[in-house]
Structures are given as structure tokens and as C-alpha cells.
file upload.tsv (TSV, C-alpha atoms)
chain	number	residue	atom	x	y	z
A	33	MET	CA	85.62	101.34	63.87
A	34	GLU	CA	86.19	98.40	66.25
A	35	ASN	CA	87.79	100.71	68.82
A	36	TRP	CA	84.41	102.42	69.26
A	37	GLU	CA	82.74	99.23	70.47
A	38	ALA	CA	83.68	100.12	74.05
A	39	PHE	CA	81.94	103.49	73.70
A	40	GLY	CA	78.89	101.82	72.16
A	41	ALA	CA	78.66	99.18	74.87
A	42	GLU	CA	78.72	101.83	77.61
A	43	LEU	CA	76.15	103.94	75.75
A	44	ARG	CA	73.83	100.93	75.47
A	45	ARG	CA	74.25	100.11	79.15
A	46	LEU	CA	73.45	103.67	80.22
A	47	ARG	CA	70.44	103.86	77.89
A	48	LEU	CA	68.98	100.62	79.23
A	49	GLN	CA	69.67	101.75	82.78
A	50	ALA	CA	67.65	104.89	82.04
A	51	GLY	CA	64.81	102.74	80.69
A	52	LEU	CA	64.88	104.33	77.23
A	53	SER	CA	64.60	102.81	73.78
A	54	VAL	CA	66.84	104.06	71.00
A	55	ARG	CA	63.94	106.03	69.53
A	56	GLU	CA	63.04	107.58	72.89
A	57	LEU	CA	66.64	108.65	73.44
A	58	ALA	CA	66.85	110.03	69.90
A	59	ARG	CA	63.68	112.03	70.50
A	60	ARG	CA	65.12	113.60	73.66
A	61	LEU	CA	68.27	114.53	71.76
A	62	ASN	CA	66.40	115.62	68.65
A	63	TYR	CA	68.73	113.29	66.74
A	64	ASP	CA	68.58	110.50	64.18
A	65	PRO	CA	67.81	107.10	65.82
A	66	GLY	CA	69.71	105.30	63.07
A	67	ALA	CA	72.85	107.25	63.93
A	68	LEU	CA	72.42	106.44	67.63
A	69	SER	CA	72.09	102.78	66.77
A	70	GLY	CA	75.34	103.04	64.81
A	71	PHE	CA	77.07	104.56	67.84
A	72	GLU	CA	75.88	101.69	70.04
A	73	ASN	CA	77.09	99.08	67.57
A	74	GLY	CA	80.50	100.71	67.24
A	75	ARG	CA	80.01	101.35	63.53
A	76	ARG	CA	80.03	105.13	63.75
A	77	LYS	CA	82.12	107.68	65.60
A	78	PRO	CA	79.84	110.15	67.44
A	79	PRO	CA	80.36	113.93	67.21
A	80	ALA	CA	81.72	115.54	70.37
A	81	ASP	CA	78.63	117.71	70.90
A	82	ILE	CA	76.34	114.66	70.79
A	83	VAL	CA	78.53	112.89	73.35
A	84	ARG	CA	78.08	115.83	75.72
A	85	LYS	CA	74.31	115.78	75.16
A	86	LEU	CA	74.22	112.03	75.77
A	87	ASP	CA	76.03	112.46	79.07
A	88	ARG	CA	73.53	115.13	80.08
A	89	VAL	CA	70.37	113.27	79.03
A	90	LEU	CA	71.54	109.95	80.48
A	91	GLU	CA	72.88	111.67	83.62
A	92	SER	CA	76.15	109.76	83.22
A	93	ASP	CA	78.29	112.55	84.68
A	94	GLY	CA	80.93	112.56	81.97
A	95	ALA	CA	81.45	108.79	81.67
A	96	LEU	CA	80.82	108.78	77.91
A	97	ALA	CA	82.97	111.87	77.40
A	98	ALA	CA	85.89	110.17	79.20
A	99	ILE	CA	85.73	107.16	76.88
A	100	TYR	CA	85.29	109.39	73.83
A	101	GLU	CA	88.29	111.56	74.69
A	102	SER	CA	90.50	108.54	75.31
A	103	LEU	CA	89.61	106.98	71.96
A	104	VAL	CA	90.08	110.23	70.06
A	105	ALA	CA	93.45	110.80	71.73
A	106	ALA	CA	94.60	107.30	70.85
A	107	ALA	CA	93.55	107.69	67.24
A	108	THR	CA	95.25	111.07	66.97
A	109	ASP	CA	98.57	109.93	68.38
A	110	VAL	CA	98.86	106.74	66.39
A	111	ASP	CA	97.38	107.42	62.98
A	112	GLN	CA	97.86	105.39	59.82
A	113	SER	CA	100.76	107.47	58.54
A	114	ASN	CA	102.73	106.78	61.70
A	115	LEU	CA	102.07	103.07	61.40
A	116	LEU	CA	103.14	103.09	57.75
A	117	ARG	CA	106.41	104.76	58.65
A	118	LEU	CA	106.98	102.15	61.32
A	119	ARG	CA	106.38	99.35	58.82
A	120	GLU	CA	108.71	100.87	56.26
A	121	SER	CA	111.51	101.19	58.77
A	122	ALA	CA	110.88	97.63	59.97
A	123	ALA	CA	112.14	96.37	56.63
A	124	SER	CA	115.67	97.16	57.71
A	125	ALA	CA	117.35	94.31	59.55
A	126	GLU	CA	119.65	96.87	61.16
A	127	ARG	CA	116.74	98.73	62.72
A	128	ARG	CA	117.75	99.83	66.21
A	129	TYR	CA	115.04	101.93	67.78
A	130	ILE	CA	113.01	98.91	68.92
A	131	ASP	CA	115.65	97.30	71.05
A	132	ARG	CA	116.05	96.29	74.66
A	133	ALA	CA	116.93	99.85	75.66
A	134	LEU	CA	113.62	101.12	74.30
A	135	VAL	CA	111.76	98.29	76.02
A	136	LYS	CA	113.44	99.25	79.29
A	137	ASP	CA	112.48	102.92	78.85
A	138	LEU	CA	108.83	102.06	78.17
A	139	SER	CA	108.76	99.69	81.13
A	140	GLU	CA	110.21	102.34	83.45
A	141	LEU	CA	107.72	104.91	82.14
A	142	LEU	CA	104.89	102.51	82.93
A	143	SER	CA	106.22	101.99	86.44
A	144	GLU	CA	106.49	105.75	87.02
A	145	THR	CA	102.99	106.31	85.62
A	146	ARG	CA	101.51	103.73	87.98
A	147	ARG	CA	102.95	105.65	90.91
A	148	LEU	CA	101.88	108.99	89.47
A	149	GLU	CA	98.31	107.71	89.53
A	150	ASP	CA	98.71	107.13	93.27
A	151	GLN	CA	99.33	110.86	93.64
A	152	VAL	CA	96.85	112.48	91.26
A	153	GLY	CA	94.16	109.87	90.55
A	154	SER	CA	93.03	107.95	87.50
A	155	LYS	CA	91.29	110.76	85.62
A	156	LEU	CA	94.38	112.94	85.25
A	157	VAL	CA	96.57	109.98	84.26
A	158	LEU	CA	94.09	108.48	81.76
A	159	PRO	CA	95.14	110.76	78.85
A	160	LEU	CA	98.74	109.57	79.23
A	161	GLY	CA	97.58	105.96	79.32
A	162	VAL	CA	95.43	106.20	76.23
A	163	ARG	CA	98.23	107.94	74.31
A	164	GLN	CA	101.01	105.59	75.33
A	165	THR	CA	99.12	102.29	75.11
A	166	PRO	CA	98.55	102.29	71.33
A	167	VAL	CA	102.16	103.41	70.79
A	168	ALA	CA	103.43	100.45	72.81
A	169	SER	CA	101.06	98.11	70.94
A	170	ALA	CA	102.19	99.47	67.56
A	171	LEU	CA	105.82	98.95	68.52
A	172	ALA	CA	104.98	95.40	69.59
A	173	ILE	CA	103.58	94.75	66.11
A	174	GLU	CA	106.77	96.00	64.50
A	175	ALA	CA	109.33	94.47	66.87
A	176	ARG	CA	111.50	91.64	65.58
A	177	LYS	CA	113.90	89.00	66.84
A	178	SER	CA	115.14	89.17	70.40
A	179	ALA	CA	113.28	92.39	71.31
A	180	ARG	CA	109.85	91.12	70.25
A	181	ALA	CA	108.82	89.10	73.30
A	182	ASP	CA	109.91	91.87	75.67
A	183	MET	CA	108.15	94.56	73.64
A	184	VAL	CA	104.94	92.52	73.52
A	185	ASP	CA	105.23	92.07	77.28
A	186	VAL	CA	105.51	95.82	77.87
A	187	ALA	CA	102.55	96.47	75.56
A	188	ALA	CA	100.49	94.04	77.64
A	189	GLY	CA	101.44	95.98	80.76
A	190	TRP	CA	100.25	99.26	79.25
A	191	GLN	CA	96.97	97.65	78.19
A	192	GLN	CA	96.40	96.25	81.66
A	193	PHE	CA	97.18	99.57	83.35
A	194	THR	CA	94.92	101.58	81.05
A	195	GLY	CA	92.19	99.02	81.72
A	196	TRP	CA	92.61	99.71	85.43
A	197	LEU	CA	92.34	103.48	84.86
A	198	HIS	CA	89.06	103.04	82.99
A	199	ALA	CA	87.73	100.58	85.57
A	200	ASN	CA	88.55	102.94	88.44
A	201	LEU	CA	86.63	105.69	86.67
A	202	GLY	CA	83.61	103.44	86.10
A	203	ASN	CA	84.16	103.00	82.35
A	204	HIS	CA	83.55	99.26	82.47
A	205	ALA	CA	83.25	98.52	78.76
A	206	ALA	CA	86.46	100.36	77.94
A	207	ALA	CA	88.26	98.55	80.78
A	208	VAL	CA	87.17	95.16	79.44
A	209	GLN	CA	88.49	96.02	75.97
A	210	HIS	CA	91.94	96.80	77.39
A	211	TYR	CA	92.02	93.71	79.58
A	212	ARG	CA	91.19	91.55	76.58
A	213	ALA	CA	94.04	93.14	74.64
A	214	ALA	CA	96.37	92.50	77.59
A	215	LEU	CA	95.30	88.84	77.66
A	216	GLU	CA	96.08	88.41	73.96
A	217	LEU	CA	99.49	90.03	74.26
A	218	ALA	CA	100.34	88.09	77.41
A	219	ALA	CA	99.40	84.85	75.68
A	220	GLU	CA	101.78	85.69	72.83
A	221	SER	CA	104.69	86.67	75.06
A	222	GLY	CA	104.14	83.75	77.39
A	223	ASN	CA	103.92	85.98	80.45
A	224	ARG	CA	101.73	83.91	82.73
A	225	ASP	CA	101.82	86.51	85.50
A	226	MET	CA	100.34	89.14	83.20
A	227	HIS	CA	97.79	86.67	81.83
A	228	SER	CA	96.65	85.89	85.38
A	229	THR	CA	96.65	89.56	86.37
A	230	ALA	CA	94.47	90.54	83.40
A	231	LEU	CA	91.99	87.77	84.28
A	232	SER	CA	91.90	88.92	87.90
A	233	MET	CA	91.35	92.54	86.90
A	234	ARG	CA	88.59	91.51	84.52
A	235	GLY	CA	87.06	89.76	87.52
A	236	HIS	CA	87.42	93.01	89.45
A	237	VAL	CA	85.29	94.77	86.83
A	238	ALA	CA	82.68	92.01	87.20
A	239	TRP	CA	82.67	92.65	90.96
A	240	MET	CA	82.19	96.38	90.43
A	241	ALA	CA	79.20	95.61	88.20
A	242	GLY	CA	77.71	93.21	90.76
A	243	GLU	CA	78.33	90.15	88.57
A	244	ILE	CA	79.48	87.75	91.28
A	245	GLY	CA	79.36	84.57	89.17
A	246	PRO	CA	81.81	85.92	86.57
A	247	MET	CA	83.91	87.45	89.35
A	248	LEU	CA	84.38	84.04	90.95
A	249	GLY	CA	84.89	82.25	87.64
A	250	LEU	CA	87.52	84.68	86.41
A	251	SER	CA	89.32	84.65	89.76
A	252	ARG	CA	89.53	80.86	89.59
A	253	ALA	CA	90.69	81.00	85.98
A	254	ALA	CA	93.48	83.33	87.07
A	255	GLN	CA	94.74	80.62	89.44
A	256	ARG	CA	94.97	77.76	86.92
A	257	ASP	CA	98.71	78.11	86.33
A	258	ARG	CA	99.36	78.48	90.06
A	259	ASP	CA	102.68	76.62	89.96
A	260	ALA	CA	104.01	79.04	87.32
A	261	LEU	CA	102.82	82.26	88.99
A	262	THR	CA	104.73	84.50	91.35
A	263	PRO	CA	103.21	84.53	94.87
A	264	ALA	CA	101.87	88.10	94.68
A	265	VAL	CA	100.06	87.47	91.39
A	266	LEU	CA	98.51	84.28	92.69
A	267	ALA	CA	97.50	86.07	95.91
A	268	LEU	CA	95.65	88.69	93.83
A	269	ALA	CA	93.38	86.02	92.37
A	270	VAL	CA	93.05	84.03	95.60
A	271	GLN	CA	91.96	86.96	97.77
A	272	GLN	CA	89.49	88.12	95.13
A	273	GLU	CA	87.88	84.68	95.08
A	274	GLY	CA	87.65	84.93	98.86
A	275	ARG	CA	85.79	88.22	98.51
A	276	GLY	CA	83.32	86.52	96.17
A	277	HIS	CA	82.72	83.78	98.74
A	278	ALA	CA	82.03	86.51	101.32
A	279	ILE	CA	79.29	87.97	99.14
A	280	GLU	CA	77.78	84.49	98.67
A	281	GLY	CA	77.86	83.87	102.41
A	282	ASP	CA	80.32	80.96	102.29
A	283	LEU	CA	82.41	82.12	105.24
A	284	ASP	CA	84.55	78.99	105.56
A	285	ALA	CA	85.66	79.27	101.92
A	286	MET	CA	86.23	83.01	102.40
A	287	GLU	CA	88.52	82.46	105.39
A	288	ALA	CA	90.43	79.68	103.63
A	289	LYS	CA	91.15	81.84	100.59
A	290	LEU	CA	92.16	84.88	102.64
A	291	ASP	CA	94.47	82.75	104.76
A	292	LYS	CA	96.04	81.35	101.59
A	293	ALA	CA	96.54	84.85	100.16
A	294	ALA	CA	98.20	85.99	103.38
A	295	GLU	CA	100.48	82.95	103.31
A	296	LEU	CA	101.50	83.68	99.72
A	297	VAL	CA	102.37	87.31	100.40
A	298	ALA	CA	104.23	86.44	103.61
A	299	ARG	CA	106.67	84.31	101.60
A	300	GLY	CA	108.20	87.41	100.07
A	301	ASP	CA	108.92	87.63	96.37
A	302	PRO	CA	112.09	89.20	94.94
A	303	GLU	CA	110.59	88.83	91.44
A	304	GLN	CA	107.24	90.41	92.30
A	305	PRO	CA	105.85	92.09	89.14
A	306	ASP	CA	105.70	95.87	89.17
A	307	ALA	CA	101.92	95.78	88.68
A	308	GLN	CA	101.68	94.35	92.22
A	309	TYR	CA	104.10	96.85	93.80
A	310	PHE	CA	101.56	97.68	96.51
A	311	TYR	CA	101.07	94.08	97.67
A	312	SER	CA	102.01	93.49	101.31
A	313	ASP	CA	100.79	91.81	104.48
A	314	SER	CA	98.90	95.01	105.33
A	315	PHE	CA	97.19	95.12	101.94
A	316	ILE	CA	95.95	91.55	102.39
A	317	GLU	CA	94.70	92.49	105.86
A	318	MET	CA	92.70	95.35	104.30
A	319	GLN	CA	91.29	92.89	101.77
A	320	ARG	CA	90.31	90.63	104.66
A	321	GLY	CA	88.52	93.56	106.24
A	322	LEU	CA	86.68	94.25	102.99
A	323	ALA	CA	85.59	90.61	102.82
A	324	TYR	CA	84.34	90.73	106.41
A	325	ARG	CA	82.41	93.89	105.58
A	326	LEU	CA	80.78	92.19	102.59
A	327	ALA	CA	79.92	89.25	104.85
A	328	ARG	CA	78.37	91.71	107.37
A	329	GLN	CA	80.82	90.67	110.08
A	330	TRP	CA	81.18	94.23	111.21
A	331	ASP	CA	83.46	93.94	114.25
A	332	LYS	CA	85.93	91.68	112.42
A	333	ALA	CA	85.86	94.10	109.48
A	334	VAL	CA	86.70	97.04	111.73
A	335	ALA	CA	89.60	95.19	113.35
A	336	SER	CA	91.13	93.99	110.07
A	337	LEU	CA	90.74	97.32	108.29
A	338	ASN	CA	92.31	99.19	111.21
A	339	ARG	CA	95.26	96.78	111.29
A	340	GLY	CA	95.75	96.95	107.54
A	341	LEU	CA	95.54	100.74	107.33
A	342	ALA	CA	97.95	101.13	110.26
A	343	GLY	CA	100.62	99.06	108.54
A	344	PHE	CA	100.14	100.13	104.93
A	345	ASP	CA	102.69	102.23	103.05
A	346	PRO	CA	101.84	105.83	104.12
A	347	ASP	CA	102.86	107.24	100.73
A	348	ILE	CA	100.40	104.99	98.90
A	349	LEU	CA	97.74	105.35	101.58
A	350	THR	CA	97.10	108.94	100.51
A	351	SER	CA	96.05	107.76	97.03
A	352	GLU	CA	92.41	107.75	95.97
A	353	TRP	CA	92.27	104.00	95.43
A	354	ALA	CA	93.78	103.25	98.87
A	355	THR	CA	91.36	105.69	100.52
A	356	TRP	CA	88.61	103.30	99.48
A	357	TYR	CA	89.64	101.21	102.49
A	358	VAL	CA	89.08	104.24	104.72
A	359	ALA	CA	85.56	104.44	103.27
A	360	GLU	CA	85.14	100.70	103.85
A	361	LEU	CA	86.16	101.25	107.48
A	362	ALA	CA	83.52	103.97	107.77
A	363	CYS	CA	80.94	101.49	106.53
A	364	ALA	CA	82.12	98.77	108.92
A	365	LEU	CA	82.02	101.19	111.87
A	366	ALA	CA	78.47	102.15	110.96
A	367	GLY	CA	77.54	98.48	110.77
A	368	SER	CA	78.99	97.86	114.22
A	369	GLY	CA	76.90	100.69	115.67
A	370	GLU	CA	79.48	103.49	115.90
A	371	PRO	CA	78.04	106.36	113.83
A	372	GLU	CA	80.36	109.07	115.15
A	373	ALA	CA	83.51	107.10	114.34
A	374	ALA	CA	82.01	106.13	110.99
A	375	CYS	CA	81.36	109.76	110.14
A	376	ARG	CA	84.92	110.77	111.01
A	377	ARG	CA	86.25	108.21	108.55
A	378	ALA	CA	83.65	109.19	105.96
A	379	SER	CA	84.83	112.80	106.20
A	380	ASP	CA	88.43	111.65	105.71
A	381	ALA	CA	87.40	109.86	102.53
A	382	LEU	CA	85.41	112.84	101.27
A	383	ARG	CA	88.44	115.11	101.58
A	384	VAL	CA	90.39	112.83	99.25
A	385	ALA	CA	87.39	112.55	96.91
A	386	GLY	CA	87.12	116.32	96.68
A	387	ALA	CA	90.79	116.63	95.74
A	388	THR	CA	90.72	113.83	93.13
A	389	PRO	CA	88.98	114.54	89.81
A	390	GLY	CA	86.61	111.78	88.75
A	391	SER	CA	86.68	109.95	92.09
A	392	ARG	CA	83.86	107.51	92.81
A	393	LEU	CA	84.43	107.76	96.55
A	394	THR	CA	81.70	110.35	96.97
A	395	ARG	CA	79.18	107.95	95.52
A	396	PHE	CA	80.07	105.32	98.10
A	397	ILE	CA	79.85	107.80	100.98
A	398	ARG	CA	76.53	109.05	99.65
A	399	VAL	CA	75.06	105.54	99.78
A	400	LEU	CA	76.50	105.05	103.27
A	401	HIS	CA	75.12	108.38	104.47
A	402	ARG	CA	71.65	107.60	103.19
A	403	GLU	CA	71.65	104.31	105.07
A	404	MET	CA	73.03	105.88	108.25
A	405	SER	CA	70.39	108.60	108.04
A	406	ALA	CA	67.68	105.94	107.97
A	407	LYS	CA	69.24	104.15	110.96
A	408	TRP	CA	70.09	107.25	113.03
A	409	THR	CA	67.41	109.80	112.20
A	410	THR	CA	68.74	112.43	114.62
A	411	ASN	CA	72.51	112.41	114.84
A	412	ASP	CA	74.69	115.50	114.55
A	413	ALA	CA	77.67	113.61	113.05
A	414	VAL	CA	75.51	112.01	110.36
A	415	ASP	CA	73.95	115.40	109.58
A	416	ALA	CA	77.42	116.94	109.27
A	417	VAL	CA	78.46	114.35	106.67
A	418	GLY	CA	75.26	115.11	104.79
A	419	GLU	CA	76.21	118.78	104.71
A	420	GLU	CA	79.67	117.89	103.41
A	421	LEU	CA	78.04	115.89	100.63
A	422	ARG	CA	75.76	118.78	99.69
A	423	GLN	CA	78.71	121.14	99.48
A	424	SER	CA	80.90	118.73	97.57
A	425	HIS	CA	81.70	119.51	93.94
A	426	SER	CA	83.12	116.04	93.36
A	427	ASP	CA	79.79	114.23	93.72
A	428	CYS	CA	79.95	113.03	90.14
A	429	TRP	CA	77.96	109.85	90.83
A	430	SER	CA	75.00	111.36	92.67
A	431	LYS	CA	72.57	110.73	89.80
A	432	ARG	CA	73.40	107.06	89.28
A	433	SER	CA	71.08	104.36	90.54
A	434	ASP	CA	72.04	102.06	93.39
A	435	ALA	CA	71.69	99.09	91.05
A	436	ASP	CA	74.57	100.42	88.96
A	437	TYR	CA	77.07	99.17	91.55
A	438	PRO	CA	75.19	96.68	93.77
A	439	SER	CA	78.40	95.34	95.31
A	440	TRP	CA	78.84	98.74	96.99
A	441	GLN	CA	75.75	98.48	99.18
A	442	CYS	CA	76.81	99.24	102.70
A	443	LEU	CA	74.45	98.40	105.52
A	444	SER	CA	71.28	97.09	103.89

call {"tool": "encode", "arguments": {"input": "upload.tsv", "output": "C-alpha cells"}}
result
Amino acid sequence: MENWEAFGAELRRLRLQAGLSVRELARRLNYDPGALSGFENGRRKPPADIVRKLDRVLESDGALAAIYESLVAAATDVDQSNLLRLRESAASAERRYIDRALVKDLSELLSETRRLEDQVGSKLVLPLGVRQTPVASALAIEARKSARADMVDVAAGWQQFTGWLHANLGNHAAAVQHYRAALELAAESGNRDMHSTALSMRGHVAWMAGEIGPMLGLSRAAQRDRDALTPAVLALAVQQEGRGHAIEGDLDAMEAKLDKAAELVARGDPEQPDAQYFYSDSFIEMQRGLAYRLARQWDKAVASLNRGLAGFDPDILTSEWATWYVAELACALAGSGEPEAACRRASDALRVAGATPGSRLTRFIRVLHREMSAKWTTNDAVDAVGEELRQSHSDCWSKRSDADYPSWQCLS
């Protein structure tokens, strides 16, 4: 039942956030507290109807259901009989279906799936990720001879990508499980770029949870093999450390790290890993703007975010994850005292949120709107954004507490 530990960890986090003991939660569900304890410890698989009730009682807006569905899908697609058949066929030295051609196909599918997520969002792509990831991992177990290292490498890529999908949907515990699997596979294959990327993305989850110490520590750990890393991979860790320094108020260290990241990306990299396909000068400029926003340097944040958005790949810019920088610009504009401009950008972000199932963008705009409403008590533009929020059907994070994602605080 070890795969259910991610579900249990998220259930425990949501229960504690709600201020409930196991017995109190069991009483609200009219359910056995011993069974609930088993769910939290990962020893028992919960029934689907109880998962839905848990989401409702804990006001988690489908977070537990998303993890549950991904785990069930993975277990269904790669059951024990399939694994046994793989092991039996592995006995043949002439086995051909795990070869370099298969590795290439799985790698190309991963690349295409990453770009599909840009178009439709993480929620719709997650089922594909959770189905394909265990298949790739099972094939990595069975691969032999010259195909093994490459197959293990592709499996690590699928684990890392599925971790990102979970992280982007707010399923932190599930994301961490996938990143840990990616780290183990990358260590076996010797892919230092993937090892560094998984550490950086684990640091990203720490940032989302407001855990700045681990964010900084993991970002630094991702830089330890700097001489062996491609520039884009190293830049990922470097700029993230800079963002952590911004939150801590160490502006000199922030600027130094962001300058270093920009220098790394400006070198160009013909061997840039596919996982960093979106890395560019403009992306680093947007990251600089985010760091300035976190440091409350509003005017600098506005300038950097505008420059980055203007030069970023327009095809990727329409994605949900890239629209986060539009929302960040809205926040920076509000901080610099421009509520009307901030509201225009907030409305742009809300349109993408409404079209993207499972988007967390609405949550960010809701926090921003509340803070703008307190600052500008009578402003037509602010009121209009409030009306958009009330009419939005994508406001899936409206019931969560501000403490759930403290790194998202906007103006306060």
C-alpha cells in the first residue's frame, strides 16, 4: 500500500489545517476512526465515496479525489499480471520490445505531453501522466543491457513531469512522491541534469507550501554538480535560490543569483534538456520580476514582468502556468499604486483560469482582490474584478485558508 502514502499525507495535512482530530473527522463523516487512521498512514485504500465525503467535509475542493483517481488509474493500468508477463518475457535474451526505438517513442511522447499541458492545463493531462509513468517505470525495471540506462532516464522524466502536474494542482504530497522517484532513477542512470531538476522542483513545492528554508536548501543542493550541468538546468536552481533570498529580504544575494541565471541562459545551450524547453532570456526576466514582487520592489517588478511577458514565446504564454506571470504583474501593479491597470491584468488571468480545469489562478486573484478592496474601498475596477470572481465557476480554492500558500500573499 506504499503508493497510498501520498494520499494519506495530504489527508493528514488537510485534517490538521481544518483543526480536527481523527475522531472529530470520523464523527462528521459517521465513519470508523480506525479506518481513517489507516488511510492517513497509507495502510488502507479508501473507498471512492468516502474520498468524496472527505473532500466535502475538509473543503478541499477535489484535491483528495485528484490524488485518489491518479493512484487508482496507475494501479489499474499496471497490475501484477502485466508485470509478471513483462518479467517472463525478460528471460529471453533476444527480447526486442525494450530497445532504443521504444525509448525514443516514450521520450517523444513525454515531450508532446509536456506541450499538450501548455494548451489544456495540468488537470486534463494528469490522467495520461499517472497512466504512463508506472508503465515507463515498469519497463525500466525490465530493461537490460544497452537500453537500460536510457529507459531508466525516460522513466525519471515521466516521474518528474507527473510530479509537476500534481504540484501545479496543489497535490503537494503526491508531487513529492514522484520527485523522489525521479531522484532515485536519475541517480541510477547517472543523469545529473535530471537529478538537479528533481531537486529544484522539490524546492518549488517547498516554496508553494511557504517552506522557505527547504526551498533554499534544495535549490543549493541542485547546484552542487554545477560543472556537470547544462546551463539551463543550473539556471533553474540558481534563479529559484534568488527568489528565496527575495523572500528573506537579502536583496544583494537575490540580484547576484538572478544575474547569474540570466548569464547562464544567455550562453545558449544546444543540449538543453526537453524539460527546460521554455527557458529563455524572457523567462528569466519574468522570474526576476517575480523576485522583485516578493521583495516588495513594486516598480522594478512591473518593469521586469512587462519586459519578460513581451518577449516570451506567445504560444506558451497562453498556457495556464505562464499566465501566472500575468497575475504576478497584476499584483505588482497594485503594489505600485495602479489599481485600474492591476484589475485589467487580473481579468486577463481570470479568463485563463475559467477556461482551465483545476487552475489555482483564481485563488491568487481572490487574495489580491481582497487586499485591493481593503486598500481602495471605492473603486469601480476593483469592484468589477470582485463581480468576476463571484461569477466564476473555476474558483476551486475559495475555501482554503491564506496560510495554505503563504508565499502567495500579495500586498500585505

call {"tool": "atom_distance", "arguments": {"input": "upload.tsv", "atom1": "atom CA of Ala207 of chain A", "atom2": "atom CA of Pro346 of chain A"}}
result
28.0 Å

call {"tool": "closest_residue", "arguments": {"input": "upload.tsv", "among": "A:Ala364, A:Met318, A:Ala175, A:Val83", "to": "Phe71 of chain A", "atoms": "all atoms listed in the file"}}
result
A:Val83

call {"tool": "residues_around", "arguments": {"input": "upload.tsv", "residues": "Leu421 of chain A", "least_positions_apart": "6", "cutoff": "12 Å", "atoms": "all atoms listed in the file", "output": "JSON, numbers by chain"}}
result
{"A": [375, 378, 379, 381, 382, 383, 385, 386, 393, 394, 395, 396, 397, 398, 399, 400, 401, 402, 414, 415, 427, 428, 429, 430]}

call {"tool": "closest_residue", "arguments": {"input": "upload.tsv", "among": "A:Met233, A:Ala58, A:Leu201, A:Ala335", "to": "Gly94 of chain A", "atoms": "all atoms listed in the file"}}
result
A:Leu201

call {"tool": "residues_around", "arguments": {"input": "upload.tsv", "residues": "segment 240-247 of chain A", "least_positions_apart": "3", "cutoff": "12 Å", "atoms": "all atoms listed in the file", "output": "MDAnalysis selection string"}}
result
chainID A and resid 45 199:205 207:208 231:237 250:254 269:281 392 396 434:441

call {"tool": "atom_distance", "arguments": {"input": "upload.tsv", "atom1": "atom CA of Ala219 of chain A", "atom2": "atom CA of Asn73 of chain A"}}
result
27.7 Å

call {"tool": "atom_distance", "arguments": {"input": "upload.tsv", "atom1": "atom CA of Gly340 of chain A", "atom2": "atom CA of Lys155 of chain A"}}
result
26.3 Å

call {"tool": "axis_aligned_box", "arguments": {"input": "upload.tsv", "around": "segment 377-385 of chain A", "padding_each_side": "3 Å", "output": "JSON"}}
result
{"center_x": 87.0, "center_y": 111.7, "center_z": 102.7, "size_x": 12.7, "size_y": 12.9, "size_z": 17.6}

call {"tool": "residues_around", "arguments": {"input": "upload.tsv", "residues": "Ser221 of chain A", "least_positions_apart": "4", "cutoff": "7 Å", "atoms": "all atoms listed in the file", "output": "ChimeraX atom specification"}}
result
/A:181,184-185,217

call {"tool": "decode", "arguments": {"input": "upload.tsv", "residues": "segment 158-172 of chain A", "atoms": "N, CA, C and O atoms", "output": "JSON list (two decimals), in the first residue's frame"}}
result
[["chain", "number", "residue", "atom", "x", "y", "z"],
["A", 158, "LEU", "N", -3.20, 15.14, -16.32],
["A", 158, "LEU", "CA", -2.80, 14.28, -15.20],
["A", 158, "LEU", "C", -3.16, 12.81, -15.43],
["A", 158, "LEU", "O", -2.33, 11.92, -15.16],
["A", 159, "PRO", "N", -4.36, 12.47, -15.92],
["A", 159, "PRO", "CA", -4.65, 11.04, -16.14],
["A", 159, "PRO", "C", -3.66, 10.36, -17.07],
["A", 159, "PRO", "O", -3.29, 9.21, -16.85],
["A", 160, "LEU", "N", -3.21, 11.06, -18.11],
["A", 160, "LEU", "CA", -2.21, 10.48, -19.00],
["A", 160, "LEU", "C", -0.89, 10.28, -18.26],
["A", 160, "LEU", "O", -0.24, 9.24, -18.40],
["A", 161, "GLY", "N", -0.52, 11.26, -17.46],
["A", 161, "GLY", "CA", 0.72, 11.14, -16.70],
["A", 161, "GLY", "C", 0.71, 9.98, -15.73],
["A", 161, "GLY", "O", 1.68, 9.21, -15.66],
["A", 162, "VAL", "N", -0.39, 9.82, -15.00],
["A", 162, "VAL", "CA", -0.42, 8.76, -14.00],
["A", 162, "VAL", "C", -0.58, 7.38, -14.63],
["A", 162, "VAL", "O", -0.29, 6.37, -13.97],
["A", 163, "ARG", "N", -1.03, 7.31, -15.87],
["A", 163, "ARG", "CA", -1.08, 6.02, -16.56],
["A", 163, "ARG", "C", 0.28, 5.67, -17.18],
["A", 163, "ARG", "O", 0.70, 4.52, -17.13],
["A", 164, "GLN", "N", 0.92, 6.67, -17.75],
["A", 164, "GLN", "CA", 2.16, 6.38, -18.47],
["A", 164, "GLN", "C", 3.36, 6.23, -17.54],
["A", 164, "GLN", "O", 4.27, 5.45, -17.82],
["A", 165, "THR", "N", 3.36, 6.95, -16.42],
["A", 165, "THR", "CA", 4.52, 6.93, -15.53],
["A", 165, "THR", "C", 4.83, 5.53, -14.98],
["A", 165, "THR", "O", 5.98, 5.08, -15.04],
["A", 166, "PRO", "N", 3.84, 4.81, -14.43],
["A", 166, "PRO", "CA", 4.16, 3.46, -13.95],
["A", 166, "PRO", "C", 4.54, 2.49, -15.07],
["A", 166, "PRO", "O", 5.31, 1.56, -14.84],
["A", 167, "VAL", "N", 4.02, 2.72, -16.27],
["A", 167, "VAL", "CA", 4.42, 1.87, -17.40],
["A", 167, "VAL", "C", 5.90, 2.08, -17.70],
["A", 167, "VAL", "O", 6.67, 1.13, -17.86],
["A", 168, "ALA", "N", 6.32, 3.35, -17.77],
["A", 168, "ALA", "CA", 7.73, 3.65, -18.03],
["A", 168, "ALA", "C", 8.61, 3.09, -16.92],
["A", 168, "ALA", "O", 9.69, 2.54, -17.19],
["A", 169, "SER", "N", 8.16, 3.19, -15.67],
["A", 169, "SER", "CA", 8.95, 2.68, -14.55],
["A", 169, "SER", "C", 9.04, 1.16, -14.59],
["A", 169, "SER", "O", 10.10, 0.58, -14.28],
["A", 170, "ALA", "N", 7.94, 0.50, -14.97],
["A", 170, "ALA", "CA", 7.97, -0.96, -15.08],
["A", 170, "ALA", "C", 8.92, -1.41, -16.19],
["A", 170, "ALA", "O", 9.67, -2.38, -16.03],
["A", 171, "LEU", "N", 8.90, -0.70, -17.30],
["A", 171, "LEU", "CA", 9.82, -1.03, -18.39],
["A", 171, "LEU", "C", 11.27, -0.80, -17.98],
["A", 171, "LEU", "O", 12.17, -1.53, -18.38],
["A", 172, "ALA", "N", 11.49, 0.23, -17.15],
["A", 172, "ALA", "CA", 12.85, 0.48, -16.66],
["A", 172, "ALA", "C", 13.34, -0.68, -15.79],
["A", 172, "ALA", "O", 14.52, -1.05, -15.84]]
